Amino acid sequence: MAELHDLTALQQAEMIRQGELSPVELTEHYLRRIDRLDAKLGAFITVTPEIARKQAAEAEAQARTAREQGRELPPLHGVPVPVKDLNPVAGVRCTYGSEAYSDHIPDTDDHVVTKLRAEGTIMLGKTNTPEFGLPCYTEGRLAPPARTPWDLDRSAGGSSGGAAAAVAGGLAPLAHGSDGGGSIRIPSSVCGLFGIKPSRGRVSAGPLLHDVSGLSTSGPIARTVADAAALLDTLAGPMSGDPYCAPSLPAGDTFLAAALRRPAGRLRVALLLTPPVPGVELHPDCRAAALSAAELLRELGHHVEELALPMDGSVGRAFTTVWDVMALTRPVPPGTDGLLQPLTRHLRERGHEVSGPGFAEALYAFRMLGRMVADALLAPGEGYDVILTPTLAQPPAMVGQLRNDEDPGAEFAGLAAFTPFTPLYNATGQPAVSLPLHWTDEELPIGVMFGGRYGEETTLLSLSAELEEARPWTGRRPSVW
């Protein structure tokens, strides 16, 4: 017999609308699983049972009233959605993954939290993240390492590693994540999930955490494409003061509707297998994942053509420059520098060495890259519709494998080699998704990534749903499930 966590988020929401499931019952189910499994998975930094129970009771009363009055409820009303611990929730500890903020309690909600509250979702807690979200693993000092449920000796990735561990381990039906260099897509890949980095400006980063570089955005991590689309509908939309704003959907359209329809006609797909970081080797399992996805696309009637982009390392250097500066944007409380982890201190030291013109030149390089990709690959009517690559260059890493506290400079170079494909879309602002279409002989998930035209998440969602239907992945269960 299926348990509640076997259901998708949308199935849970439909049962709540029909009065067949109580948000209180659902919340208690997940709180029990967190209590039993989180020490193994390292999914949460802070669990908020009192808030969750209060919100669940309110959601249950609202659902009852809506049924009596014949009113519609938001698509995810009553469904638990934890928030990554880089995003403030008023009155709840927000550590940013750092000991320097271990006792920090903000008094303002992030805009994504405001939207989640308005839709009637339930906050189970704040998910685990590395210090300031800087590395692509989640191994801080405030919680156990976030581990992929598919092999508890391996990392859940980062920086949304806690969010992915929670969803893949059945501690939440879906989760909020954020992505500045791949931080939604990396953990989605290593945890066997679907994740989407929206277009720049699709989801507000305000009111406090605006990223002047334009690299970072919030987005969904989920087990299914439709669940992720529904959460993107919840999170999307401009807010006052936003510096960027993605194109609006056509009137009456939603991301969920896009996930439920199939691509309009035959898509042209560019397959890129050469990592855009010089000297990086692509693991055979990651190559096999992309080639297998390409073959599936052909079987479904799409045109796939393998290409190679000229890369001279300039984009990597620009990204490193911006990342160093962005490591400085989180002010550290006086006297707490010694609490920072070695990689954070290293990046902040390098950030102090970047000049104003140097930072501007790096941002200009991003804009030129975006123009090159748009003109050379994704030009409407004459270019490709989407770009296919592996999500990562290597299979899921062992816990501790990517860290090098003795030489953080070498560690950062290793992180770039592990994730050579993902930062491209943070630099250009285009949307990108990671799909769990491939599994190794050891039952480890290997993600493949699709990037699309700016503002066209709907194409990625409809294509992803078609691939999900052709090669379903939700029937797989990790041992902790």
# chains A, B, ... in the order shown; residues from 1 in each chain; ligands from 1
>>> residues_around(residues="Val112 (chain A)", least_positions_apart="4", cutoff="8 Å", atoms="only C-alpha atoms", output="compact mmCIF listing (two decimals) with N, CA and C atoms, in the first residue's frame")
# COMPACT_ATOMS: atom_id res chain seq x y z
N LEU A 116 5.26 31.68 -0.98
CA LEU A 116 4.93 30.36 -0.46
C LEU A 116 3.85 30.45 0.61
N VAL A 203 12.03 34.82 -11.00
CA VAL A 203 11.69 34.74 -9.58
C VAL A 203 12.41 35.88 -8.86
N SER A 204 11.69 36.63 -8.07
CA SER A 204 12.28 37.78 -7.38
C SER A 204 13.30 37.31 -6.34
N ALA A 205 14.42 38.04 -6.28
CA ALA A 205 15.45 37.76 -5.28
C ALA A 205 15.35 38.72 -4.10
N SER A 218 16.13 31.72 -7.40
CA SER A 218 15.45 30.62 -6.73
C SER A 218 14.70 29.78 -7.75
N LEU A 235 6.39 30.47 -7.24
CA LEU A 235 7.53 31.34 -6.96
C LEU A 235 7.67 32.49 -7.95
>>> residues_around(residues="Met372 (chain A)", least_positions_apart="3", cutoff="12 Å", atoms="only C-alpha atoms", output="list in words")
Leu309, Pro310, Met311, Val315, Ala365, Phe366, Arg367, Met368, Leu369, Asp375, Ala376, Leu377, Leu378, Ala379, Gly383, Leu424, Ala427 and Thr428 of chain A
>>> select_by_dssp(residues="region 128-326 of chain A", states="helix (DSSP H, G or I)", output="ChimeraX atom specification")
/A:131-133,161-168,185-191,225-235,255-260,284-299,314-326
>>> select_by_dssp(residues="region 22-190 of chain A", states="strand (DSSP E)", output="number ranges by chain")
A: 44-47, 83-84, 125-127, 174-179
>>> residues_around(residues="Gly400 (chain A)", least_positions_apart="4", cutoff="10 Å", atoms="only C-alpha atoms", output="list in words")
Tyr137, Thr138, Glu139, Pro145, Asp153, Arg154, Ser155 and Asn404 of chain A
>>> write_last_selection(atoms="C-alpha atoms", output="mmCIF file, in the first residue's frame")
data_model
loop_
_atom_site.group_PDB
_atom_site.id
_atom_site.type_symbol
_atom_site.label_atom_id
_atom_site.label_comp_id
_atom_site.auth_asym_id
_atom_site.auth_seq_id
_atom_site.Cartn_x
_atom_site.Cartn_y
_atom_site.Cartn_z
ATOM 1 C CA TYR A 137 28.745 20.187 -1.871
ATOM 2 C CA THR A 138 26.842 20.634 1.395
ATOM 3 C CA GLU A 139 29.265 19.911 4.222
ATOM 4 C CA PRO A 145 26.730 16.512 5.513
ATOM 5 C CA ASP A 153 28.550 7.613 1.434
ATOM 6 C CA ARG A 154 28.086 10.146 -1.359
ATOM 7 C CA SER A 155 27.314 13.865 -1.303
ATOM 8 C CA ASN A 404 40.458 20.471 0.248
#
>>> closest_residue(among="A:Thr224, A:Thr127, A:Thr95, A:Thr148", to="Ala163 (chain A)", atoms="only C-alpha atoms")
A:Thr127
>>> atom_distance(atom1="CA of His352 (chain A)", atom2="CA of Val325 (chain A)")
7.2 Å
>>> closest_residue(among="A:Pro130, A:Gly206, A:Pro149, A:Gly42", to="Thr108 (chain A)", atoms="only C-alpha atoms")
A:Gly206
>>> atom_distance(atom1="CA of Phe421 (chain A)", atom2="CA of Ser178 (chain A)")
16.9 Å
>>> residues_around(residues="Asp242 (chain A)", least_positions_apart="3", cutoff="12 Å", atoms="only C-alpha atoms", output="list in words")
His111, Arg200, Gly201, Arg202, Val203, Ser204, Ala205, Gly206, Pro207, Leu208, Leu209, His210, Asp211, Val212, Gly214, Gly237, Pro238, Met239, Cys245 and Ala246 of chain A
>>> atom_distance(atom1="CA of Gly97 (chain A)", atom2="CA of Met449 (chain A)")
26.8 Å
>>> closest_atom_pairs(of="region 47-85 of chain A", to="region 11-23 of chain A", cutoff="7 Å", atoms="only C-alpha atoms", output="JSON lines")
{"residue": "A:Ala56", "atom": "CA", "partner": "A:Pro23", "partner_atom": "CA", "distance": 5.1}
{"residue": "A:Ala59", "atom": "CA", "partner": "A:Pro23", "partner_atom": "CA", "distance": 6.5}
{"residue": "A:Glu60", "atom": "CA", "partner": "A:Pro23", "partner_atom": "CA", "distance": 5.7}
{"residue": "A:Ala63", "atom": "CA", "partner": "A:Arg17", "partner_atom": "CA", "distance": 6.3}
{"residue": "A:Pro75", "atom": "CA", "partner": "A:Ala13", "partner_atom": "CA", "distance": 6.6}
{"residue": "A:Leu76", "atom": "CA", "partner": "A:Ala13", "partner_atom": "CA", "distance": 5.5}
{"residue": "A:His77", "atom": "CA", "partner": "A:Ala13", "partner_atom": "CA", "distance": 6.1}
{"residue": "A:Gly78", "atom": "CA", "partner": "A:Pro23", "partner_atom": "CA", "distance": 5.0}
{"residue": "A:Val79", "atom": "CA", "partner": "A:Ala13", "partner_atom": "CA", "distance": 6.2}
>>> closest_atom_pairs(of="region 82-177 of chain A", to="region 331-338 of chain A", cutoff="12 Å", atoms="only C-alpha atoms", output="Markdown table")
| residue | atom | partner | partner_atom | distance |
| --- | --- | --- | --- | --- |
| A:Thr95 | CA | A:Val332 | CA | 11.4 |
| A:Tyr96 | CA | A:Val332 | CA | 10.8 |
| A:Ser98 | CA | A:Val332 | CA | 9.6 |
| A:Glu99 | CA | A:Thr336 | CA | 8.4 |
| A:Ala100 | CA | A:Thr336 | CA | 5.6 |
| A:Tyr101 | CA | A:Pro333 | CA | 7.8 |
| A:Ser102 | CA | A:Thr336 | CA | 10.8 |
| A:Asp103 | CA | A:Pro333 | CA | 11.2 |
| A:His104 | CA | A:Pro333 | CA | 10.1 |
| A:Glu131 | CA | A:Val332 | CA | 11.5 |
| A:Phe132 | CA | A:Pro331 | CA | 10.4 |
>>> write_last_selection(atoms="N, CA and C atoms", output="PDB file, in the first residue's frame")
ATOM      1  N   THR A  95      20.964  30.789   8.983  1.00  0.00           N
ATOM      2  CA  THR A  95      22.412  30.730   9.212  1.00  0.00           C
ATOM      3  C   THR A  95      23.235  30.999   7.957  1.00  0.00           C
ATOM      4  N   TYR A  96      22.630  30.961   6.790  1.00  0.00           N
ATOM      5  CA  TYR A  96      23.374  31.012   5.533  1.00  0.00           C
ATOM      6  C   TYR A  96      24.454  29.932   5.482  1.00  0.00           C
ATOM      7  N   SER A  98      26.545  29.146   7.797  1.00  0.00           N
ATOM      8  CA  SER A  98      27.791  29.603   8.407  1.00  0.00           C
ATOM      9  C   SER A  98      27.688  29.702   9.921  1.00  0.00           C
ATOM     10  N   GLU A  99      28.741  29.294  10.603  1.00  0.00           N
ATOM     11  CA  GLU A  99      28.794  29.468  12.049  1.00  0.00           C
ATOM     12  C   GLU A  99      28.745  30.943  12.434  1.00  0.00           C
ATOM     13  N   ALA A 100      29.189  31.809  11.534  1.00  0.00           N
ATOM     14  CA  ALA A 100      29.162  33.247  11.819  1.00  0.00           C
ATOM     15  C   ALA A 100      27.736  33.763  11.984  1.00  0.00           C
ATOM     16  N   TYR A 101      26.749  33.015  11.488  1.00  0.00           N
ATOM     17  CA  TYR A 101      25.341  33.402  11.594  1.00  0.00           C
ATOM     18  C   TYR A 101      24.527  32.360  12.360  1.00  0.00           C
ATOM     19  N   SER A 102      25.165  31.615  13.220  1.00  0.00           N
ATOM     20  CA  SER A 102      24.481  30.495  13.873  1.00  0.00           C
ATOM     21  C   SER A 102      23.313  30.939  14.736  1.00  0.00           C
ATOM     22  N   ASP A 103      23.310  32.189  15.205  1.00  0.00           N
ATOM     23  CA  ASP A 103      22.218  32.686  16.055  1.00  0.00           C
ATOM     24  C   ASP A 103      21.413  33.798  15.386  1.00  0.00           C
ATOM     25  N   HIS A 104      21.547  33.932  14.081  1.00  0.00           N
ATOM     26  CA  HIS A 104      20.889  35.027  13.357  1.00  0.00           C
ATOM     27  C   HIS A 104      19.404  34.736  13.147  1.00  0.00           C
ATOM     28  N   GLU A 131      28.327  27.006   3.388  1.00  0.00           N
ATOM     29  CA  GLU A 131      28.526  28.391   3.809  1.00  0.00           C
ATOM     30  C   GLU A 131      28.341  29.361   2.643  1.00  0.00           C
ATOM     31  N   PHE A 132      27.308  30.218   2.784  1.00  0.00           N
ATOM     32  CA  PHE A 132      26.952  31.250   1.808  1.00  0.00           C
ATOM     33  C   PHE A 132      26.626  30.657   0.431  1.00  0.00           C
TER      34      PHE A 132
END
>>> closest_residue(among="A:His438, A:Ala43, A:Leu461, A:Arg141", to="Ala156 (chain A)", atoms="only C-alpha atoms")
A:Ala43
>>> residues_around(residues="region 27-32 of chain A", least_positions_apart="3", cutoff="10 Å", atoms="only C-alpha atoms", output="compact mmCIF listing (two decimals) with all heavy atoms, in the first residue's frame")
# COMPACT_ATOMS: atom_id res chain seq x y z
N GLU A 3 2.37 4.85 0.71
CA GLU A 3 2.37 5.78 1.84
C GLU A 3 2.23 7.20 1.30
O GLU A 3 2.37 7.45 0.10
CB GLU A 3 3.65 5.62 2.65
CG GLU A 3 3.80 4.27 3.32
CD GLU A 3 4.89 4.28 4.36
OE1 GLU A 3 4.74 5.01 5.37
OE2 GLU A 3 5.89 3.57 4.17
N LEU A 4 2.00 8.14 2.21
CA LEU A 4 1.76 9.52 1.78
C LEU A 4 2.93 10.07 0.99
O LEU A 4 2.74 10.82 0.02
CB LEU A 4 1.46 10.40 2.99
CG LEU A 4 0.11 10.16 3.68
CD1 LEU A 4 -0.02 11.06 4.90
CD2 LEU A 4 -1.05 10.40 2.71
N HIS A 5 4.16 9.74 1.38
CA HIS A 5 5.31 10.30 0.68
C HIS A 5 5.54 9.65 -0.68
O HIS A 5 6.40 10.10 -1.45
CB HIS A 5 6.58 10.22 1.53
CG HIS A 5 6.98 8.83 1.92
ND1 HIS A 5 6.45 8.20 3.01
CD2 HIS A 5 7.85 7.96 1.36
CE1 HIS A 5 6.97 6.99 3.12
NE2 HIS A 5 7.82 6.81 2.13
N SER A 22 -5.84 15.45 5.12
CA SER A 22 -5.70 16.66 5.93
C SER A 22 -4.26 17.18 5.85
O SER A 22 -3.31 16.41 5.95
CB SER A 22 -6.03 16.34 7.39
OG SER A 22 -5.48 17.30 8.26
N PRO A 23 -4.07 18.50 5.66
CA PRO A 23 -2.72 19.04 5.72
C PRO A 23 -2.03 18.74 7.05
O PRO A 23 -0.80 18.60 7.09
CB PRO A 23 -2.95 20.55 5.55
CG PRO A 23 -4.22 20.66 4.80
CD PRO A 23 -5.07 19.53 5.30
N VAL A 24 -2.81 18.64 8.13
CA VAL A 24 -2.22 18.30 9.43
C VAL A 24 -1.66 16.88 9.40
O VAL A 24 -0.53 16.63 9.85
CB VAL A 24 -3.28 18.45 10.55
CG1 VAL A 24 -2.75 17.91 11.87
CG2 VAL A 24 -3.70 19.91 10.68
N ASP A 35 12.28 13.29 11.69
CA ASP A 35 12.80 12.86 12.99
C ASP A 35 13.55 11.54 12.87
O ASP A 35 14.56 11.31 13.54
CB ASP A 35 11.64 12.74 13.98
CG ASP A 35 12.12 12.44 15.39
OD1 ASP A 35 12.89 13.26 15.93
OD2 ASP A 35 11.74 11.40 15.94
N ARG A 36 13.08 10.66 11.99
CA ARG A 36 13.66 9.32 11.87
C ARG A 36 14.86 9.27 10.94
O ARG A 36 15.81 8.51 11.19
CB ARG A 36 12.59 8.34 11.37
CG ARG A 36 13.05 6.90 11.23
CD ARG A 36 11.88 5.95 11.14
NE ARG A 36 11.05 6.20 9.97
CZ ARG A 36 11.27 5.65 8.76
NH1 ARG A 36 12.31 4.85 8.58
NH2 ARG A 36 10.46 5.90 7.76
N LEU A 37 14.87 10.09 9.88
CA LEU A 37 15.86 9.91 8.83
C LEU A 37 16.85 11.06 8.66
O LEU A 37 17.88 10.89 7.99
CB LEU A 37 15.15 9.68 7.49
CG LEU A 37 14.31 8.40 7.38
CD1 LEU A 37 13.51 8.41 6.09
CD2 LEU A 37 15.21 7.19 7.44
N ASP A 38 16.56 12.23 9.22
CA ASP A 38 17.39 13.39 8.87
C ASP A 38 18.82 13.28 9.38
O ASP A 38 19.74 13.83 8.76
CB ASP A 38 16.76 14.68 9.38
CG ASP A 38 17.45 15.91 8.81
OD1 ASP A 38 17.74 15.91 7.60
OD2 ASP A 38 17.71 16.86 9.57
N VAL A 47 14.66 22.58 11.85
CA VAL A 47 13.31 22.05 11.65
C VAL A 47 12.35 22.92 12.45
O VAL A 47 12.65 23.32 13.58
CB VAL A 47 13.21 20.58 12.09
CG1 VAL A 47 11.82 20.03 11.84
CG2 VAL A 47 14.25 19.73 11.36
N THR A 48 11.19 23.25 11.87
CA THR A 48 10.25 24.17 12.51
C THR A 48 8.89 23.49 12.71
O THR A 48 7.90 23.86 12.07
CB THR A 48 10.08 25.44 11.65
OG1 THR A 48 9.69 25.05 10.31
CG2 THR A 48 11.38 26.22 11.57
N PRO A 49 8.80 22.52 13.62
CA PRO A 49 7.53 21.80 13.78
C PRO A 49 6.38 22.67 14.25
O PRO A 49 5.23 22.47 13.83
CB PRO A 49 7.89 20.70 14.80
CG PRO A 49 9.11 21.20 15.49
CD PRO A 49 9.86 22.00 14.49
N ALA A 52 5.15 24.64 11.29
CA ALA A 52 4.52 23.72 10.33
C ALA A 52 3.13 23.31 10.81
O ALA A 52 2.17 23.28 10.01
CB ALA A 52 5.40 22.50 10.13
N ARG A 53 2.99 22.97 12.09
CA ARG A 53 1.69 22.54 12.61
C ARG A 53 0.68 23.68 12.59
O ARG A 53 -0.49 23.47 12.27
CB ARG A 53 1.87 21.99 14.02
CG ARG A 53 2.59 20.64 14.04
CD ARG A 53 2.83 20.12 15.44
NE ARG A 53 3.42 18.79 15.39
CZ ARG A 53 4.54 18.43 16.02
NH1 ARG A 53 5.19 19.34 16.76
NH2 ARG A 53 4.99 17.21 15.92
N GLN A 55 0.69 26.30 10.49
CA GLN A 55 0.33 26.54 9.09
C GLN A 55 -0.58 25.43 8.57
O GLN A 55 -1.51 25.70 7.79
CB GLN A 55 1.59 26.65 8.24
CG GLN A 55 2.41 27.90 8.50
CD GLN A 55 3.67 27.96 7.65
OE1 GLN A 55 4.15 26.93 7.15
NE2 GLN A 55 4.22 29.15 7.49
N ALA A 56 -0.31 24.19 8.97
CA ALA A 56 -1.14 23.07 8.52
C ALA A 56 -2.57 23.19 9.03
O ALA A 56 -3.53 22.91 8.29
CB ALA A 56 -0.52 21.75 8.97
N ALA A 57 -2.72 23.60 10.28
CA ALA A 57 -4.06 23.78 10.83
C ALA A 57 -4.80 24.88 10.08
O ALA A 57 -6.00 24.76 9.78
CB ALA A 57 -3.98 24.09 12.32
N GLY A 78 -1.63 23.47 1.18
CA GLY A 78 -1.53 22.43 2.19
C GLY A 78 -0.35 21.49 2.04
O GLY A 78 -0.18 20.57 2.85
N VAL A 79 0.47 21.70 1.01
CA VAL A 79 1.61 20.81 0.73
C VAL A 79 2.87 21.37 1.37
O VAL A 79 3.17 22.56 1.24
CB VAL A 79 1.81 20.66 -0.79
CG1 VAL A 79 3.06 19.86 -1.10
CG2 VAL A 79 0.58 20.01 -1.42
N PRO A 80 3.66 20.55 2.06
CA PRO A 80 4.91 21.03 2.68
C PRO A 80 5.97 21.39 1.64
O PRO A 80 6.21 20.63 0.70
CB PRO A 80 5.36 19.84 3.52
CG PRO A 80 4.12 19.05 3.80
CD PRO A 80 3.31 19.20 2.54
N ILE A 122 3.27 24.65 3.43
CA ILE A 122 3.67 24.42 4.82
C ILE A 122 5.19 24.38 4.89
O ILE A 122 5.84 23.62 4.16
CB ILE A 122 3.12 23.08 5.34
CG1 ILE A 122 1.62 22.93 5.00
CG2 ILE A 122 3.37 22.94 6.83
CD1 ILE A 122 0.74 24.02 5.53
N MET A 123 5.80 25.18 5.79
CA MET A 123 7.25 25.18 5.93
C MET A 123 7.67 24.21 7.02
O MET A 123 7.45 24.45 8.21
CB MET A 123 7.77 26.58 6.25
CG MET A 123 9.29 26.65 6.09
SD MET A 123 10.02 28.22 6.58
CE MET A 123 9.94 28.07 8.36
N LEU A 124 8.32 23.13 6.63
CA LEU A 124 8.81 22.14 7.58
C LEU A 124 10.09 22.61 8.27
O LEU A 124 10.41 22.16 9.37
CB LEU A 124 9.10 20.82 6.86
CG LEU A 124 7.90 20.13 6.21
CD1 LEU A 124 8.38 18.98 5.33
CD2 LEU A 124 6.93 19.63 7.28
N GLY A 125 10.84 23.49 7.61
CA GLY A 125 12.08 23.98 8.18
C GLY A 125 12.97 24.59 7.12
O GLY A 125 12.54 24.83 5.98
N ALA A 166 16.25 16.11 1.05
CA ALA A 166 14.91 16.03 1.64
C ALA A 166 13.91 15.44 0.67
O ALA A 166 13.12 14.55 1.02
CB ALA A 166 14.45 17.42 2.10
N GLY A 170 12.34 11.46 0.72
CA GLY A 170 10.96 11.40 1.16
C GLY A 170 10.70 12.16 2.44
O GLY A 170 9.76 11.86 3.18
N LEU A 171 11.50 13.21 2.72
CA LEU A 171 11.27 14.07 3.88
C LEU A 171 10.44 15.29 3.52
O LEU A 171 10.04 16.05 4.41
CB LEU A 171 12.61 14.52 4.49
CG LEU A 171 13.63 13.45 4.83
CD1 LEU A 171 14.78 14.04 5.63
CD2 LEU A 171 13.00 12.29 5.58
N ALA A 172 10.21 15.49 2.24
CA ALA A 172 9.37 16.59 1.74
C ALA A 172 8.96 16.21 0.32
O ALA A 172 9.74 15.56 -0.39
CB ALA A 172 10.12 17.92 1.74
N PRO A 173 7.78 16.61 -0.12
CA PRO A 173 7.36 16.25 -1.48
C PRO A 173 8.07 17.04 -2.57
O PRO A 173 8.21 16.56 -3.70
CB PRO A 173 5.86 16.55 -1.47
CG PRO A 173 5.68 17.57 -0.40
CD PRO A 173 6.72 17.29 0.64
>>> residues_around(residues="Leu435 (chain A)", least_positions_apart="4", cutoff="7 Å", atoms="only C-alpha atoms", output="list in words")
Ser189, Leu193, Phe194, Gly447, Val448 and Met449 of chain A
